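**Student:** Structure incoming, see below.
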Number of protein chains: 4
Amino acid sequence: MAIQDSEALITSEDPLHPANLIPELCRGFYHLGWVTGTGGGISIREGDKVYIAPSGVQKERIHPTHMFVLPYPQPSPHTDRTFLRRPSLNLKESACTPLFWNAFELRDAGSCIHTHSQNAVMATLLWQEKEFRISHQEMIKGVRVGGTGRALSFLDTLVVPIIENTPDEEDLKESMHEAMVKYPDAAGVLVRRHGIYVWGTDWEKAKAQTECLDYLFEIGVKMKLAGLPTILESYP
Amino acid sequence: MAIQDSEALITSEDPLHPANLIPELCRGFYHLGWVTGTGGGISIREGDKVYIAPSGVQKERIHPTHMFVLPYPQPSPHTDRTFLRRPSLNLKESACTPLFWNAFELRDAGSCIHTHSQNAVMATLLWQEKEFRISHQEMIKGVRVGGTGRALSFLDTLVVPIIENTPDEEDLKESMHEAMVKYPDAAGVLVRRHGIYVWGTDWEKAKAQTECLDYLFEIGVKMKLAGLPTILESYP
Amino acid sequence: MAIQDSEALITSEDPLHPANLIPELCRGFYHLGWVTGTGGGISIREGDKVYIAPSGVQKERIHPTHMFVLPYPQPSPHTDRTFLRRPSLNLKESACTPLFWNAFELRDAGSCIHTHSQNAVMATLLWQEKEFRISHQEMIKGVRVGGTGRALSFLDTLVVPIIENTPDEEDLKESMHEAMVKYPDAAGVLVRRHGIYVWGTDWEKAKAQTECLDYLFEIGVKMKLAGLPTILESYP
Amino acid sequence: MAIQDSEALITSEDPLHPANLIPELCRGFYHLGWVTGTGGGISIREGDKVYIAPSGVQKERIHPTHMFVLPYPQPSPHTDRTFLRRPSLNLKESACTPLFWNAFELRDAGSCIHTHSQNAVMATLLWQEKEFRISHQEMIKGVRVGGTGRALSFLDTLVVPIIENTPDEEDLKESMHEAMVKYPDAAGVLVRRHGIYVWGTDWEKAKAQTECLDYLFEIGVKMKLAGLPTILESYP
């Protein structure tokens, strides 16, 4: 692909074009404390193209020209990663890429968000088992079955699997995959002492669900610290 | 009503026109953590028209063209809901509409705000009875009797009824109505594990009271967790 | 004074003119949680003129045209309050005016800030005596003796008197006056269950001191709740 | 150096020029609560020039014309400080200058950040020994050995030395120097009851590391208060 064509992939006056939207959304996530210290980010898949911000950059200062664009699906799962566009600057591909791919392949997601939110991390510390569970919260209704299905009901118990962190982010791919297979209804996967991956059919739904889950982790942590039960047998 | 007329309802250069104001206020509420994950919102009634944002959209990204406009009062309470304008996009009417109507009908309110603020939800968890109560806080003076009457005094005890949440938001209409009849002096109704509805004679007073109540829930929760009494028999 | 002259008092292209600065500063204070629900505010005195925002308005939405301008000193302390300018809208004079006057008269302050910060209120709840005290914090160095004198040292103990709240804000004038006479070194006066008044020789120093004091209340509250002593006998 | 040349040092249309960048970064730090009350700041070294904001000014309102520019290295370590440019306003040199110099001289840093973040201060209060330590947190990977070396691994324990505060900031120079020599792997030095100094090879890396460290102090404090161990012997 010629350089000119490659630049066309990230050049648009539409503020909702992924190359423009990802920088804007990342600025918002920074101010929520989700992607400070260069961590975290968002990927957007539109048809056969995936847009991903680079690794190790300040997420509140990304420009459209920093964007990586990848073909979806990849030509072969067994070769090196293929790109439609790499930024001309000396920028590194996001280590989250294989994890975003889990969401695209297993859930047909259109977007996947990764945060280092302290609410998520505190939830993984206070729920020492392999699941975060909370019931009877209105915000549960903002989460969808499997991330892309019907909305949960107020009467459903929200369950988010927790996988153990690994020194290399790429190495989470397999355990995240396993958790997604074992928990087909979960809208995200928590990574202990690290953060969370959340997906949706498009960026709006992925973002809304990330906000709902983060809210539920935050209030769950507050409840647990206040000695309140986070699961009710019956209500009211 | 012709389409052209319908667009006139939400087209204005006045930043205080409800169609412009609701998006701006919702952006502010988003940054306060009141309407994340698409939850919550604000309705404004000006004379015989009510403006409401759609359900299930990112509240910090609403445009005037997303707005629903309804006649007030409705032509008949027993027929399907009537609209002066529906957005052309595939947007859903807010499930809060019947609850906003409670505020318009029972209190002659000009605006009603619904938040999912964690301060409100934590208050409903720590006050397990049917009322939130706090006394001797300056911010009580920012709340009005019944939401639309005279301002409370520093010596008044603030009481906000708490109703139980239901799976469908519309089903809260009756219990909210009952609580408003039983507590004619209350400026809002808390919904357990969900949030709050607050109203006022206009959007400015509704917003100011929502801020005061949210402040009082927040400090009440802090006091209770610190082991401080939230009601004083006498002062100083 | 003719209306035209009166408008000149609040019309300036200089962003640092009090009529422009007060709205800007109040927006900032709103986002710090100091003046939500219309409470709190800032007054600026330049020579023989005092600029004050109105009572009961949303502090993040003030316009220069909302401003009250008063002569300093007042022609007579025993007559009704005299104004150089009143806004043409139906706006009420701030109930804080007599308290701001304490700072101008007793400390020759050029600015006085009033906040409802929860850090200040929590400090008055956890320090049940008549003083907030903290020692050995770097931020103490940002506070000045009496609010307008030399900066405190890291080795000085910060003392802020606490007065009891009254139903009418004006009625705090006398007890605030007494506290300022009794504590000539204090840079502010806390009002129990209400907030704080802080002053300085100009708006920059008043604002910086309000930030330092608010920081010290916040960390003092955190320390007390964590069981840490807030006063050290010796250090290190 | 002629006045004209001196102004050229701080005049640029490039938003990444240190004279433009420092004001922008300080505004961001203010909103993170790192530099309120005029405290804290950032220095940037580009080749043989160091840019530093003045002492005692509101860090969210700095202008490029306020900037001090110093030659690096200084002509003689034993004479008074030499400047390439001093602001024409009556502004004081930052008391942090000798401490920033530690980072330039001992670590060849390109930028050094000083914050009064309450997370850092609370960490120094809850870790009463001479070190803050935390292990098994993803955000550790955002910190570099010695601040300018390779990135830490998830399996590394983060150690930040804590020095005792002194009445005069300049007097910290020696103990910070000692701590940096004793802890060659540390990316920053905590100052008890005061804040932190963090450095990096350039402003981007210094800022990212400050964010990572601040995150780790914040979550470390939360964990300690929740009774969770902040160091694990083994994982998972």
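Convention: chains lettered A, B, ... in structure tokens order; per-chain residue numbering from 1; ligands numbered from 1 as shown.
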What residues in chain B lie within 6 Å of chain A, counting only C-alpha atoms, written as an mmCIF file with N, CA, C and O atoms, in the first residue's frame?
**Tutor:**
```cif
data_model
loop_
_atom_site.group_PDB
_atom_site.id
_atom_site.type_symbol
_atom_site.label_atom_id
_atom_site.label_comp_id
_atom_site.auth_asym_id
_atom_site.auth_seq_id
_atom_site.Cartn_x
_atom_site.Cartn_y
_atom_site.Cartn_z
ATOM 1 N N GLY B 37 -22.372 6.141 31.906
ATOM 2 C CA GLY B 37 -22.983 4.906 31.417
ATOM 3 C C GLY B 37 -24.358 5.110 30.826
ATOM 4 O O GLY B 37 -25.184 4.198 30.863
ATOM 5 N N PRO B 167 -37.396 -3.453 38.675
ATOM 6 C CA PRO B 167 -36.673 -3.805 37.447
ATOM 7 C C PRO B 167 -36.934 -2.811 36.321
ATOM 8 O O PRO B 167 -36.007 -2.462 35.584
ATOM 9 N N ARG B 193 -30.481 1.827 45.756
ATOM 10 C CA ARG B 193 -29.593 1.112 44.819
ATOM 11 C C ARG B 193 -29.709 1.635 43.380
ATOM 12 O O ARG B 193 -29.395 0.944 42.438
ATOM 13 N N HIS B 194 -30.123 2.899 43.254
ATOM 14 C CA HIS B 194 -30.383 3.423 41.929
ATOM 15 C C HIS B 194 -29.948 4.895 41.805
ATOM 16 O O HIS B 194 -29.082 5.231 41.010
#
```
**Student:** Among stretch 121-180 of chain D, which residues carry a DSSP assignment of helix (DSSP H, G or I), reported as a list in words?
**Tutor:** Val121, Met122, Ala123, Thr124, Leu125, Leu126, Glu138, Met139, Ile140, Lys141, Gly142, Val145, Gly146, Gly147, Glu169, Glu170, Asp171, Leu172, Lys173, Glu174, Ser175, Met176, His177, Glu178, Ala179 and Met180 of chain D
**Student:** List as a PDB file with all heavy atoms, in the first residue's frame the protein and nucleic acid residues near stretch 8-13 of chain A, meaning an atom at most 9 Å away when only C-alpha atoms are counted, but skip any in the same chain fewer than 3 places from it.
**Tutor:**
```pdb
ATOM      1  N   ILE A   3       2.298   5.054   0.504  1.00  0.00           N
ATOM      2  CA  ILE A   3       2.245   5.934   1.678  1.00  0.00           C
ATOM      3  C   ILE A   3       1.021   6.832   1.635  1.00  0.00           C
ATOM      4  O   ILE A   3       0.351   7.068   2.617  1.00  0.00           O
ATOM      5  CB  ILE A   3       3.530   6.791   1.764  1.00  0.00           C
ATOM      6  CG1 ILE A   3       4.682   5.911   2.271  1.00  0.00           C
ATOM      7  CG2 ILE A   3       3.336   7.963   2.727  1.00  0.00           C
ATOM      8  CD1 ILE A   3       6.023   6.577   2.211  1.00  0.00           C
ATOM      9  N   GLN A   4       0.729   7.337   0.417  1.00  0.00           N
ATOM     10  CA  GLN A   4      -0.405   8.239   0.289  1.00  0.00           C
ATOM     11  C   GLN A   4      -1.702   7.545   0.732  1.00  0.00           C
ATOM     12  O   GLN A   4      -2.477   8.096   1.495  1.00  0.00           O
ATOM     13  CB  GLN A   4      -0.519   8.656  -1.175  1.00  0.00           C
ATOM     14  CG  GLN A   4      -0.842  10.120  -1.342  1.00  0.00           C
ATOM     15  CD  GLN A   4      -0.784  10.509  -2.797  1.00  0.00           C
ATOM     16  OE1 GLN A   4      -0.085   9.879  -3.603  1.00  0.00           O
ATOM     17  NE2 GLN A   4      -1.508  11.540  -3.160  1.00  0.00           N
ATOM     18  N   ASP A   5      -1.901   6.338   0.249  1.00  0.00           N
ATOM     19  CA  ASP A   5      -3.091   5.588   0.635  1.00  0.00           C
ATOM     20  C   ASP A   5      -3.103   5.360   2.136  1.00  0.00           C
ATOM     21  O   ASP A   5      -4.138   5.458   2.782  1.00  0.00           O
ATOM     22  CB  ASP A   5      -3.093   4.204  -0.041  1.00  0.00           C
ATOM     23  CG  ASP A   5      -3.297   4.347  -1.545  1.00  0.00           C
ATOM     24  OD1 ASP A   5      -3.542   5.489  -1.981  1.00  0.00           O
ATOM     25  OD2 ASP A   5      -3.186   3.323  -2.243  1.00  0.00           O
ATOM     26  N   LEU A  16     -15.988  11.735  14.151  1.00  0.00           N
ATOM     27  CA  LEU A  16     -16.285  10.366  14.579  1.00  0.00           C
ATOM     28  C   LEU A  16     -15.458   9.319  13.831  1.00  0.00           C
ATOM     29  O   LEU A  16     -15.609   8.122  14.067  1.00  0.00           O
ATOM     30  CB  LEU A  16     -17.784  10.073  14.405  1.00  0.00           C
ATOM     31  CG  LEU A  16     -18.711  10.928  15.280  1.00  0.00           C
ATOM     32  CD1 LEU A  16     -20.162  10.516  15.086  1.00  0.00           C
ATOM     33  CD2 LEU A  16     -18.341  10.809  16.759  1.00  0.00           C
ATOM     34  N   HIS A  17     -14.582   9.753  12.919  1.00  0.00           N
ATOM     35  CA  HIS A  17     -13.654   8.810  12.299  1.00  0.00           C
ATOM     36  C   HIS A  17     -12.731   8.265  13.392  1.00  0.00           C
ATOM     37  O   HIS A  17     -12.244   9.027  14.231  1.00  0.00           O
ATOM     38  CB  HIS A  17     -12.840   9.528  11.216  1.00  0.00           C
ATOM     39  CG  HIS A  17     -11.943   8.600  10.453  1.00  0.00           C
ATOM     40  ND1 HIS A  17     -10.767   8.104  10.971  1.00  0.00           N
ATOM     41  CD2 HIS A  17     -12.045   8.068   9.214  1.00  0.00           C
ATOM     42  CE1 HIS A  17     -10.190   7.315  10.085  1.00  0.00           C
ATOM     43  NE2 HIS A  17     -10.958   7.281   9.002  1.00  0.00           N
ATOM     44  N   PRO A  18     -12.485   6.945  13.394  1.00  0.00           N
ATOM     45  CA  PRO A  18     -11.680   6.364  14.490  1.00  0.00           C
ATOM     46  C   PRO A  18     -10.353   7.092  14.752  1.00  0.00           C
ATOM     47  O   PRO A  18      -9.940   7.215  15.908  1.00  0.00           O
ATOM     48  CB  PRO A  18     -11.438   4.928  14.006  1.00  0.00           C
ATOM     49  CG  PRO A  18     -12.613   4.608  13.141  1.00  0.00           C
ATOM     50  CD  PRO A  18     -12.985   5.905  12.460  1.00  0.00           C
ATOM     51  N   ALA A  19      -9.714   7.583  13.697  1.00  0.00           N
ATOM     52  CA  ALA A  19      -8.415   8.248  13.906  1.00  0.00           C
ATOM     53  C   ALA A  19      -8.573   9.557  14.670  1.00  0.00           C
ATOM     54  O   ALA A  19      -7.641  10.009  15.342  1.00  0.00           O
ATOM     55  CB  ALA A  19      -7.735   8.499  12.560  1.00  0.00           C
ATOM     56  N   ASN A  20      -9.748  10.180  14.566  1.00  0.00           N
ATOM     57  CA  ASN A  20     -10.013  11.394  15.336  1.00  0.00           C
ATOM     58  C   ASN A  20     -10.637  11.078  16.690  1.00  0.00           C
ATOM     59  O   ASN A  20     -10.410  11.771  17.684  1.00  0.00           O
ATOM     60  CB  ASN A  20     -10.969  12.318  14.552  1.00  0.00           C
ATOM     61  CG  ASN A  20     -10.337  12.805  13.266  1.00  0.00           C
ATOM     62  OD1 ASN A  20      -9.121  13.011  13.196  1.00  0.00           O
ATOM     63  ND2 ASN A  20     -11.149  12.978  12.226  1.00  0.00           N
ATOM     64  N   TYR A  51      -8.323   0.089  14.313  1.00  0.00           N
ATOM     65  CA  TYR A  51      -7.509   1.261  14.672  1.00  0.00           C
ATOM     66  C   TYR A  51      -7.069   1.125  16.123  1.00  0.00           C
ATOM     67  O   TYR A  51      -7.903   0.915  17.008  1.00  0.00           O
ATOM     68  CB  TYR A  51      -8.333   2.544  14.511  1.00  0.00           C
ATOM     69  CG  TYR A  51      -8.782   2.795  13.095  1.00  0.00           C
ATOM     70  CD1 TYR A  51      -9.873   2.115  12.563  1.00  0.00           C
ATOM     71  CD2 TYR A  51      -8.107   3.692  12.269  1.00  0.00           C
ATOM     72  CE1 TYR A  51     -10.289   2.319  11.259  1.00  0.00           C
ATOM     73  CE2 TYR A  51      -8.509   3.910  10.960  1.00  0.00           C
ATOM     74  CZ  TYR A  51      -9.600   3.219  10.458  1.00  0.00           C
ATOM     75  OH  TYR A  51     -10.001   3.415   9.168  1.00  0.00           O
ATOM     76  N   PRO A  64      -4.027  11.842  15.503  1.00  0.00           N
ATOM     77  CA  PRO A  64      -4.445  10.859  14.492  1.00  0.00           C
ATOM     78  C   PRO A  64      -3.254  10.225  13.767  1.00  0.00           C
ATOM     79  O   PRO A  64      -3.294   9.036  13.437  1.00  0.00           O
ATOM     80  CB  PRO A  64      -5.301  11.692  13.531  1.00  0.00           C
ATOM     81  CG  PRO A  64      -5.854  12.790  14.377  1.00  0.00           C
ATOM     82  CD  PRO A  64      -4.787  13.093  15.385  1.00  0.00           C
ATOM     83  N   THR A  65      -2.189  10.998  13.585  1.00  0.00           N
ATOM     84  CA  THR A  65      -1.034  10.457  12.858  1.00  0.00           C
ATOM     85  C   THR A  65      -0.280   9.385  13.647  1.00  0.00           C
ATOM     86  O   THR A  65       0.599   8.726  13.100  1.00  0.00           O
ATOM     87  CB  THR A  65      -0.036  11.577  12.509  1.00  0.00           C
ATOM     88  OG1 THR A  65       0.294  12.262  13.724  1.00  0.00           O
ATOM     89  CG2 THR A  65      -0.648  12.563  11.525  1.00  0.00           C
ATOM     90  N   MET A  67      -1.640   6.780  14.813  1.00  0.00           N
ATOM     91  CA  MET A  67      -2.484   5.589  14.818  1.00  0.00           C
ATOM     92  C   MET A  67      -1.903   4.422  14.007  1.00  0.00           C
ATOM     93  O   MET A  67      -1.366   4.613  12.921  1.00  0.00           O
ATOM     94  CB  MET A  67      -3.840   5.995  14.233  1.00  0.00           C
ATOM     95  CG  MET A  67      -5.026   5.356  14.884  1.00  0.00           C
ATOM     96  SD  MET A  67      -5.167   5.663  16.672  1.00  0.00           S
ATOM     97  CE  MET A  67      -5.163   7.437  16.751  1.00  0.00           C
ATOM     98  N   PHE A  68      -2.070   3.224  14.546  1.00  0.00           N
ATOM     99  CA  PHE A  68      -1.817   1.994  13.792  1.00  0.00           C
ATOM    100  C   PHE A  68      -3.147   1.543  13.172  1.00  0.00           C
ATOM    101  O   PHE A  68      -4.195   1.635  13.827  1.00  0.00           O
ATOM    102  CB  PHE A  68      -1.325   0.870  14.712  1.00  0.00           C
ATOM    103  CG  PHE A  68       0.096   1.011  15.173  1.00  0.00           C
ATOM    104  CD1 PHE A  68       0.433   1.829  16.238  1.00  0.00           C
ATOM    105  CD2 PHE A  68       1.116   0.305  14.531  1.00  0.00           C
ATOM    106  CE1 PHE A  68       1.750   1.952  16.662  1.00  0.00           C
ATOM    107  CE2 PHE A  68       2.441   0.416  14.959  1.00  0.00           C
ATOM    108  CZ  PHE A  68       2.761   1.250  16.022  1.00  0.00           C
ATOM    109  N   VAL A  69      -3.090   1.041  11.930  1.00  0.00           N
ATOM    110  CA  VAL A  69      -4.289   0.466  11.311  1.00  0.00           C
ATOM    111  C   VAL A  69      -3.935  -0.955  10.859  1.00  0.00           C
ATOM    112  O   VAL A  69      -2.916  -1.165  10.188  1.00  0.00           O
ATOM    113  CB  VAL A  69      -4.774   1.294  10.106  1.00  0.00           C
ATOM    114  CG1 VAL A  69      -6.143   0.780   9.621  1.00  0.00           C
ATOM    115  CG2 VAL A  69      -4.873   2.781  10.464  1.00  0.00           C
ATOM    116  N   LEU A  84      -1.885  -2.183   7.947  1.00  0.00           N
ATOM    117  CA  LEU A  84      -2.224  -1.351   6.792  1.00  0.00           C
ATOM    118  C   LEU A  84      -1.487  -0.023   6.890  1.00  0.00           C
ATOM    119  O   LEU A  84      -1.211   0.634   5.900  1.00  0.00           O
ATOM    120  CB  LEU A  84      -3.737  -1.109   6.735  1.00  0.00           C
ATOM    121  CG  LEU A  84      -4.582  -2.371   6.555  1.00  0.00           C
ATOM    122  CD1 LEU A  84      -6.061  -2.030   6.632  1.00  0.00           C
ATOM    123  CD2 LEU A  84      -4.240  -3.031   5.211  1.00  0.00           C
ATOM    124  N   ARG A  85      -1.208   0.379   8.147  1.00  0.00           N
ATOM    125  CA  ARG A  85      -0.489   1.627   8.371  1.00  0.00           C
ATOM    126  C   ARG A  85       0.236   1.552   9.699  1.00  0.00           C
ATOM    127  O   ARG A  85      -0.321   1.102  10.692  1.00  0.00           O
ATOM    128  CB  ARG A  85      -1.468   2.807   8.433  1.00  0.00           C
ATOM    129  CG  ARG A  85      -0.743   4.115   8.710  1.00  0.00           C
ATOM    130  CD  ARG A  85      -1.675   5.270   8.993  1.00  0.00           C
ATOM    131  NE  ARG A  85      -0.903   6.510   8.989  1.00  0.00           N
ATOM    132  CZ  ARG A  85      -0.341   7.037  10.064  1.00  0.00           C
ATOM    133  NH1 ARG A  85      -0.447   6.454  11.239  1.00  0.00           N
ATOM    134  NH2 ARG A  85       0.364   8.159   9.969  1.00  0.00           N
TER     135      ARG A  85
END
```
**Student:** Extract, using only C-alpha atoms, all DNA, RNA and protein residues at most 8 Å from stretch 108-119 of chain B, discarding same-chain residues fewer than 4 positions from it, and format them as a VMD selection string.
**Tutor:** (chain A and resid 219) or (chain B and resid 33 to 36 39 to 46 100 103 to 104 123 148 194 to 203 206 to 207 210 214 to 215 217 to 218 221)
**Student:** Can you tell me how far atom CA of A:Pro23 sits from atom CA of A:His66, in Å to one decimal?
**Tutor:**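 Atom CA of A:Pro23 sits 9.3 Å away from atom CA of A:His66.
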**Student:** Near D:Tyr183, within 12 Å and counting only C-alpha atoms, which residues show up once chain neighbours fewer than 2 positions away are dropped, as a count of residues only?
**Tutor:** 25
**Student:** Please give the complete set of residues from chain D that DSSP, run on the backbone, assigns to strand (DSSP E or B), formatted as JSON, numbers by chain.
**Tutor:** {"D": [41, 42, 43, 44, 45, 46, 49, 50, 51, 52, 55, 68, 69, 70, 71, 85, 92, 111, 112, 113, 114, 115, 131, 132, 133, 134, 144, 151, 158, 159, 160, 161, 162, 163, 188, 189, 190, 191, 195, 196, 197, 198, 199, 200]}
**Student:** Just to confirm, what's the straight-line distance from atom CA of B:Glu169 to atom CA of B:Ala95 in Å (one decimal)?
**Tutor:**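 Atom CA of B:Ala95 lies at a distance of 6.0 Å from atom CA of B:Glu169.
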**Student:** Would you kindly return, as a ChimeraX atom specification, each protein, DNA or RNA residue with an atom no farther than 6 Å from any atom of C:Lys59, considering only C-alpha atoms and excluding same-chain residues fewer than 2 positions away?
**Tutor:** /C:26,38,57,61-62
**Student:** What does the structure give for the distance between atom CA of C:Arg192 and atom CA of C:Asn165, in Å to one decimal?
**Tutor:** 5.6 Å
